[in-house]
>>> print(open('model.txt').read())   # compact mmCIF, C-alpha atoms and all ligand atoms
# COMPACT_ATOMS: atom_id res chain seq x y z
CA MET I 1 0.00 0.00 0.00
CA SER I 2 1.37 3.42 -0.94
CA SER I 3 1.81 5.73 2.00
CA ASP I 4 0.89 8.87 0.06
CA PRO I 5 -2.23 8.33 -2.07
CA LYS I 6 -3.22 11.87 -3.08
CA GLY I 7 -1.02 13.35 -0.38
CA LEU I 8 1.54 16.10 -0.95
CA VAL I 9 3.97 13.83 -2.81
CA ASP I 10 1.29 12.57 -5.21
CA GLN I 11 -0.03 16.10 -5.74
CA HIS I 12 3.39 17.39 -6.79
CA GLY I 13 4.47 14.40 -8.83
CA GLY I 14 7.17 13.21 -6.44
CA TRP I 15 9.53 14.50 -3.77
CA ASP I 16 11.42 16.85 -6.07
CA GLY I 17 8.13 18.47 -7.04
CA VAL I 18 7.24 19.02 -3.39
CA TYR I 19 10.55 20.72 -2.60
CA LYS I 20 10.40 22.85 -5.76
CA ASN I 21 6.78 23.98 -5.29
CA VAL I 22 6.16 24.21 -1.55
CA PRO I 23 7.80 27.08 0.38
CA GLU I 24 10.30 25.88 2.94
CA ASP I 25 8.30 27.09 5.95
CA GLU I 26 5.16 25.33 4.67
CA LEU I 27 6.71 21.87 4.37
CA PRO I 28 4.59 19.94 6.89
CA TRP I 29 7.62 18.15 8.36
CA ASN I 30 9.87 21.20 8.61
CA ALA I 31 10.35 21.92 12.28
CA GLY I 32 12.91 24.62 11.50
CA GLY I 33 15.41 22.95 13.82
CA PRO I 34 16.36 19.56 15.22
CA ASP I 35 13.77 17.08 16.44
CA ALA I 36 13.21 17.61 20.18
CA ASP I 37 13.49 13.88 20.95
CA LEU I 38 16.74 13.61 19.00
CA VAL I 39 18.09 16.48 21.12
CA ARG I 40 16.94 14.70 24.29
CA LEU I 41 18.55 11.39 23.29
CA VAL I 42 21.83 13.10 22.43
CA GLU I 43 21.87 15.17 25.61
CA THR I 44 21.18 12.12 27.81
CA GLY I 45 24.06 10.23 26.19
CA ARG I 46 21.94 7.41 24.77
CA LEU I 47 23.29 7.46 21.21
CA PRO I 48 26.53 5.84 20.02
CA GLU I 49 29.06 8.33 18.68
CA GLY I 50 30.91 8.08 15.40
CA ARG I 51 29.54 8.05 11.87
CA ALA I 52 25.80 8.69 11.39
CA LEU I 53 23.42 8.25 8.48
CA ASP I 54 20.53 10.72 8.19
CA ALA I 55 18.00 8.86 6.05
CA GLY I 56 15.80 11.21 4.03
CA THR I 57 17.49 14.31 5.35
CA GLY I 58 15.08 16.83 3.75
CA PRO I 59 15.92 20.35 4.98
CA GLY I 60 18.88 18.90 6.93
CA HIS I 61 18.21 20.27 10.41
CA ASP I 62 18.91 16.98 12.19
CA ALA I 63 22.06 16.34 10.15
CA ALA I 64 23.33 19.79 11.11
CA PHE I 65 22.52 19.15 14.78
CA LEU I 66 24.30 15.78 14.86
CA ALA I 67 27.35 17.27 13.13
CA GLY I 68 27.43 20.04 15.74
CA LYS I 69 27.46 17.39 18.45
CA GLY I 70 30.42 15.54 17.00
CA TRP I 71 28.99 12.95 14.59
CA THR I 72 30.28 12.69 11.03
CA VAL I 73 27.11 12.56 8.98
CA LEU I 74 26.16 11.10 5.61
CA ALA I 75 22.89 12.86 4.75
CA VAL I 76 20.97 11.05 2.01
CA ASP I 77 17.84 12.06 0.15
CA LEU I 78 16.12 10.91 -3.04
CA SER I 79 15.41 14.50 -3.97
CA GLN I 80 18.11 16.82 -5.30
CA ALA I 81 15.80 19.75 -4.51
CA ALA I 82 15.74 18.62 -0.86
CA LEU I 83 19.52 18.46 -0.84
CA ASP I 84 19.72 21.97 -2.31
CA LEU I 85 17.68 23.11 0.69
CA ALA I 86 19.79 21.05 3.11
CA ALA I 87 22.97 22.52 1.62
CA LYS I 88 22.03 25.90 3.11
CA THR I 89 21.42 24.35 6.56
CA VAL I 90 24.63 22.32 6.66
CA ARG I 91 26.96 24.65 4.74
CA THR I 92 29.41 25.15 7.62
CA ALA I 93 29.37 21.47 8.58
CA CYS I 94 30.03 20.50 4.95
CA GLU I 95 32.98 22.88 4.78
CA GLN I 96 34.35 21.26 7.93
CA GLY I 97 33.91 17.79 6.44
CA ARG I 98 31.34 16.84 9.09
CA VAL I 99 28.39 16.40 6.70
CA THR I 100 28.33 14.85 3.24
CA LEU I 101 25.18 15.21 1.14
CA ARG I 102 24.28 12.41 -1.27
CA ALA I 103 21.37 12.07 -3.71
CA ALA I 104 20.33 8.42 -3.48
CA ASP I 105 17.60 5.97 -2.61
CA ILE I 106 18.24 4.89 0.96
CA LEU I 107 17.66 1.26 -0.02
CA HIS I 108 20.57 1.39 -2.48
CA ILE I 109 23.30 3.59 -1.02
CA LYS I 110 25.85 0.76 -1.26
CA GLU I 111 27.69 1.61 1.95
CA PRO I 112 29.81 -1.26 3.32
CA SER I 113 28.51 -3.35 6.21
CA GLU I 114 28.95 -1.83 9.68
CA SER I 115 29.53 1.67 8.29
CA PHE I 116 27.53 3.57 10.88
CA ALA I 117 27.14 3.86 14.64
CA LEU I 118 23.80 5.63 14.27
CA ILE I 119 20.96 5.86 11.76
CA HIS I 120 18.54 8.74 12.15
CA ASP I 121 15.24 8.61 10.30
CA ARG I 122 12.68 11.32 10.79
CA GLY I 123 9.90 10.65 8.33
CA CYS I 124 11.58 8.53 5.67
CA PHE I 125 10.61 4.98 6.72
CA HIS I 126 6.95 5.95 7.14
CA THR I 127 6.76 7.16 3.52
CA MET I 128 7.83 3.77 2.17
CA ALA I 129 5.39 1.36 0.60
CA GLU I 130 4.85 -1.78 2.69
CA PRO I 131 6.89 -4.11 0.43
CA ASP I 132 10.03 -1.96 0.94
CA ARG I 133 9.92 -1.85 4.72
CA ALA I 134 11.55 -5.22 5.39
CA ALA I 135 14.37 -4.35 2.98
CA TYR I 136 14.87 -1.06 4.82
CA VAL I 137 15.11 -2.77 8.22
CA GLY I 138 17.53 -5.32 6.78
CA GLU I 139 19.73 -2.62 5.25
CA ALA I 140 19.70 -0.66 8.51
CA ALA I 141 20.90 -3.73 10.42
CA ARG I 142 23.56 -4.49 7.80
CA MET I 143 24.96 -0.96 7.79
CA LEU I 144 25.06 -0.57 11.59
CA GLN I 145 28.03 -1.54 13.70
CA PRO I 146 27.51 -3.90 16.66
CA GLY I 147 25.58 -1.95 19.28
CA GLY I 148 24.51 0.55 16.62
CA LYS I 149 21.17 2.32 17.02
CA VAL I 150 18.32 3.74 14.97
CA VAL I 151 16.33 6.81 15.99
CA LEU I 152 13.03 6.53 14.15
CA ARG I 153 10.18 9.04 13.90
CA THR I 154 6.94 7.91 12.22
CA PHE I 155 3.30 8.90 12.07
CA SER I 156 1.09 7.08 14.57
CA ASP I 157 -2.29 5.42 14.07
CA LYS I 158 -3.59 7.82 16.73
CA GLU I 159 -3.51 10.37 13.90
CA ALA I 160 -6.75 10.41 11.89
CA PRO I 161 -6.69 8.38 8.66
CA GLY I 162 -6.01 10.38 5.50
CA PRO I 163 -3.52 11.03 2.74
CA GLY I 164 0.18 11.20 3.42
CA PRO I 165 2.49 8.85 5.28
CA HIS I 166 1.43 5.51 6.71
CA ARG I 167 0.05 5.69 10.24
CA PHE I 168 1.85 2.96 12.19
CA SER I 169 0.32 1.05 15.06
CA LYS I 170 2.62 -0.02 17.91
CA ALA I 171 2.16 -3.64 16.81
CA GLU I 172 3.16 -2.85 13.21
CA LEU I 173 6.35 -1.11 14.32
CA GLU I 174 7.20 -3.99 16.64
CA ALA I 175 6.55 -6.57 13.90
CA ALA I 176 8.71 -4.67 11.40
CA TRP I 177 11.73 -4.00 13.63
CA SER I 178 11.77 -6.71 16.33
CA PRO I 179 13.35 -9.44 14.17
CA LEU I 180 16.62 -7.49 14.00
CA PHE I 181 16.37 -4.77 16.68
CA VAL I 182 15.60 -4.34 20.37
CA PHE I 183 13.28 -1.47 21.31
CA GLU I 184 15.02 0.68 23.92
CA GLU I 185 12.17 3.18 23.74
CA LEU I 186 8.84 3.53 21.95
CA SER I 187 7.10 6.71 22.99
CA GLU I 188 4.19 8.79 21.77
CA GLY I 189 4.54 12.39 20.72
CA VAL I 190 4.04 14.65 17.75
CA PHE I 191 5.81 15.27 14.46
CA GLU I 192 6.86 18.88 15.03
CA GLY I 193 6.16 21.28 12.18
CA PRO I 194 3.25 23.41 11.05
CA ARG I 195 0.66 20.61 11.57
CA ARG I 196 1.98 18.56 14.54
CA PRO I 197 0.46 15.14 13.69
CA LYS I 198 0.62 12.38 16.30
CA ALA I 199 3.78 10.33 16.01
CA TRP I 200 5.98 7.61 17.47
CA LEU I 201 9.58 7.96 18.51
CA ALA I 202 11.49 4.67 18.56
CA LEU I 203 15.02 4.08 19.79
CA LEU I 204 16.22 0.75 18.41
CA ARG I 205 19.42 -1.16 19.11
CA LYS I 206 20.74 -3.69 16.65
CA LYS I 207 20.54 -7.23 18.03
CA GLY I 208 23.64 -9.33 18.56
C1 LIG A 301 8.82 13.64 5.57
S1 LIG A 301 10.30 14.13 4.78
C2 LIG A 301 11.35 14.35 6.20
C3 LIG A 301 12.60 15.13 5.91
C4 LIG A 301 13.54 15.34 7.11
N1 LIG A 301 14.02 14.09 7.67
C5 LIG A 301 12.88 16.16 8.17
O1 LIG A 301 12.50 15.61 9.20
O2 LIG A 301 12.74 17.37 7.98
C6 LIG A 301 10.88 12.59 4.11
C7 LIG A 301 12.14 12.73 3.29
O3 LIG A 301 12.57 11.43 2.87
C8 LIG A 301 13.01 11.49 1.52
N2 LIG A 301 12.86 10.12 0.99
C9 LIG A 301 11.72 9.43 0.78
N3 LIG A 301 11.99 8.19 0.34
C10 LIG A 301 13.34 8.09 0.26
C11 LIG A 301 14.23 7.07 -0.15
N4 LIG A 301 13.78 5.88 -0.56
N5 LIG A 301 15.55 7.32 -0.11
C12 LIG A 301 16.02 8.53 0.31
N6 LIG A 301 15.22 9.54 0.70
C13 LIG A 301 13.90 9.33 0.67
C14 LIG A 301 12.12 12.54 0.88
O4 LIG A 301 12.67 13.10 -0.28
C15 LIG A 301 11.96 13.55 2.02
O5 LIG A 301 12.94 14.56 1.98
>>> encode(input="model.txt", output="structure tokens", more="lines below")
Ligand SMILES: C[S@@+](CC[C@H](N)C(=O)[O-])C[C@H]1O[C@@H](n2cnc3c(N)ncnc32)[C@H](O)[C@@H]1O
Amino acid sequence: MSSDPKGLVDQHGGWDGVYKNVPEDELPWNAGGPDADLVRLVETGRLPEGRALDAGTGPGHDAAFLAGKGWTVLAVDLSQAALDLAAKTVRTACEQGRVTLRAADILHIKEPSESFALIHDRGCFHTMAEPDRAAYVGEAARMLQPGGKVVLRTFSDKEAPGPGPHRFSKAELEAAWSPLFVFEELSEGVFEGPRRPKAWLALLRKKG
């Protein structure tokens, strides 16, 4: 099942269309700064340091934040227009070699196994069609080092049904991630931005 039937992505003919047509401050997911739960997890020392992957970086606020806290970040997005936006946010970090921007599908970035200590995903996984989700979880596990973690933000099924990303139930998230990851946290909150839809925040540690 597509996660965006007649949502913003469908309306604009794909992600590039969204970023080209919708003003930056009207992007529903644009919080204008780092995700509050990502800040909390960093400040409480719960995330492994080293190299991080920001999956579907969009405007790049979380990549910039992680770089400022010492991570070396590969920020990936399907959309070149998104990366053009992110380039403004992470300009200094790019100049310092702390962020690299790459236009790619997150399922096919061809990074070696155990490349990352941390994967951050705010709103990428929940846009994927159901058949791609298992491949995503498998790739995340492959690319993470032992003890590596994923910080995952998705829409919740407490949000009213409608167009846009898939609304995950707790059971769906557990079924998707539990084969390869341990849930260190699964908490309810909102997806900060102009609309503040109900959301999950998961902190996942690679098994083994
Ligand atoms: C809801 S937006 C979130 C952007 C950003 N993480 C944020 O929180 O502001 C989802 C982003 O994921 C990107 N995306 C969707 N599917 C992707 C894929 N398969 N590979 C890489 N990026 C993808 C989109 O282009 C979009 O920028």
>>> residues_around(input="model.txt", residues="segment 164-178 of chain I", least_positions_apart="3", cutoff="10 Å", atoms="only C-alpha atoms", output="VMD selection string")
chain I and resid 1 to 10 123 to 130 133 to 134 136 to 138 141 154 to 161 181 to 183 186 to 188 198 to 200 202 204 to 207
>>> closest_residue(input="model.txt", among="I:Arg51, I:Arg196, I:Arg102, I:His61", to="Ser79 of chain I", atoms="all atoms listed in the file")
I:Arg102
>>> residues_around(input="model.txt", residues="Gly58 of chain I", least_positions_apart="3", cutoff="10 Å", atoms="only C-alpha atoms", output="ChimeraX atom specification")
/I:15,19,27,29-30,54-55,61-63,75-87,122-124
>>> atom_distance(input="model.txt", atom1="atom CA of Leu101 of chain I", atom2="atom CA of Pro197 of chain I")
27.7 Å
>>> closest_residue(input="model.txt", among="I:Arg195, I:Lys69, I:Arg153, I:Lys88", to="ligand LIG 301 (chain A)", atoms="all atoms listed in the file")
I:Arg153
>>> residues_around(input="model.txt", residues="Leu41 of chain I", least_positions_apart="3", cutoff="12 Å", atoms="only C-alpha atoms", output="VMD selection string")
chain I and resid 34 to 38 44 to 49 66 69 118 120 149 to 152 184 to 185 201 to 204
>>> closest_residue(input="model.txt", among="I:Ala104, I:Gly97, I:Leu144, I:Glu139", to="ligand LIG 301 (chain A)", atoms="only C-alpha atoms and all ligand atoms")
I:Ala104
>>> atom_distance(input="model.txt", atom1="atom CA of Thr100 of chain I", atom2="atom CA of Val190 of chain I")
28.3 Å
>>> atom_distance(input="model.txt", atom1="atom CA of Pro131 of chain I", atom2="atom O5 of ligand LIG 301 (chain A)")
19.7 Å
>>> closest_residue(input="model.txt", among="I:Glu43, I:Glu24, I:Glu95, I:Asp16", to="ligand LIG 301 (chain A)", atoms="all atoms listed in the file")
I:Asp16
>>> closest_residue(input="model.txt", among="I:Pro23, I:Gly32, I:Gly162, I:Gly50", to="ligand LIG 301 (chain A)", atoms="all atoms listed in the file")
I:Gly32
>>> build_atoms(input="model.txt", residues="segment 112-132 of chain I", atoms="N, CA and C atoms", output="JSON list (two decimals), keeping the file's coordinate frame")
[["chain", "number", "residue", "atom", "x", "y", "z"],
["I", 112, "PRO", "N", 29.38, 0.05, 2.79],
["I", 112, "PRO", "CA", 29.81, -1.26, 3.32],
["I", 112, "PRO", "C", 29.08, -1.61, 4.61],
["I", 113, "SER", "N", 29.10, -2.90, 4.94],
["I", 113, "SER", "CA", 28.51, -3.35, 6.21],
["I", 113, "SER", "C", 29.22, -2.66, 7.37],
["I", 114, "GLU", "N", 28.45, -2.43, 8.43],
["I", 114, "GLU", "CA", 28.95, -1.83, 9.68],
["I", 114, "GLU", "C", 29.59, -0.46, 9.47],
["I", 115, "SER", "N", 28.99, 0.33, 8.59],
["I", 115, "SER", "CA", 29.53, 1.67, 8.29],
["I", 115, "SER", "C", 29.16, 2.72, 9.32],
["I", 116, "PHE", "N", 28.07, 2.49, 10.04],
["I", 116, "PHE", "CA", 27.53, 3.57, 10.88],
["I", 116, "PHE", "C", 27.33, 3.12, 12.32],
["I", 117, "ALA", "N", 27.51, 4.08, 13.24],
["I", 117, "ALA", "CA", 27.14, 3.86, 14.64],
["I", 117, "ALA", "C", 25.67, 4.18, 14.87],
["I", 118, "LEU", "N", 25.14, 5.09, 14.04],
["I", 118, "LEU", "CA", 23.80, 5.63, 14.27],
["I", 118, "LEU", "C", 23.09, 5.87, 12.94],
["I", 119, "ILE", "N", 21.82, 5.48, 12.88],
["I", 119, "ILE", "CA", 20.96, 5.86, 11.76],
["I", 119, "ILE", "C", 19.83, 6.70, 12.32],
["I", 120, "HIS", "N", 19.64, 7.87, 11.74],
["I", 120, "HIS", "CA", 18.54, 8.74, 12.15],
["I", 120, "HIS", "C", 17.55, 8.82, 11.01],
["I", 121, "ASP", "N", 16.29, 8.59, 11.33],
["I", 121, "ASP", "CA", 15.24, 8.61, 10.30],
["I", 121, "ASP", "C", 14.03, 9.34, 10.84],
["I", 122, "ARG", "N", 13.86, 10.55, 10.39],
["I", 122, "ARG", "CA", 12.68, 11.32, 10.79],
["I", 122, "ARG", "C", 11.81, 11.46, 9.55],
["I", 123, "GLY", "N", 10.89, 10.51, 9.39],
["I", 123, "GLY", "CA", 9.90, 10.65, 8.33],
["I", 123, "GLY", "C", 10.24, 10.03, 7.00],
["I", 124, "CYS", "N", 11.28, 9.21, 6.94],
["I", 124, "CYS", "CA", 11.58, 8.53, 5.67],
["I", 124, "CYS", "C", 10.92, 7.15, 5.64],
["I", 125, "PHE", "N", 11.17, 6.34, 6.68],
["I", 125, "PHE", "CA", 10.61, 4.98, 6.72],
["I", 125, "PHE", "C", 9.09, 5.01, 6.56],
["I", 126, "HIS", "N", 8.42, 5.97, 7.17],
["I", 126, "HIS", "CA", 6.95, 5.95, 7.14],
["I", 126, "HIS", "C", 6.39, 6.37, 5.77],
["I", 127, "THR", "N", 7.24, 6.84, 4.88],
["I", 127, "THR", "CA", 6.76, 7.16, 3.52],
["I", 127, "THR", "C", 6.92, 5.96, 2.58],
["I", 128, "MET", "N", 7.56, 4.90, 3.06],
["I", 128, "MET", "CA", 7.83, 3.77, 2.17],
["I", 128, "MET", "C", 6.62, 2.87, 2.02],
["I", 129, "ALA", "N", 6.46, 2.33, 0.82],
["I", 129, "ALA", "CA", 5.39, 1.36, 0.60],
["I", 129, "ALA", "C", 5.72, 0.09, 1.39],
["I", 130, "GLU", "N", 4.69, -0.61, 1.81],
["I", 130, "GLU", "CA", 4.85, -1.78, 2.69],
["I", 130, "GLU", "C", 5.89, -2.79, 2.17],
["I", 131, "PRO", "N", 5.92, -3.09, 0.87],
["I", 131, "PRO", "CA", 6.89, -4.11, 0.43],
["I", 131, "PRO", "C", 8.36, -3.70, 0.62],
["I", 132, "ASP", "N", 8.64, -2.41, 0.77],
["I", 132, "ASP", "CA", 10.03, -1.96, 0.94],
["I", 132, "ASP", "C", 10.49, -1.93, 2.39]]
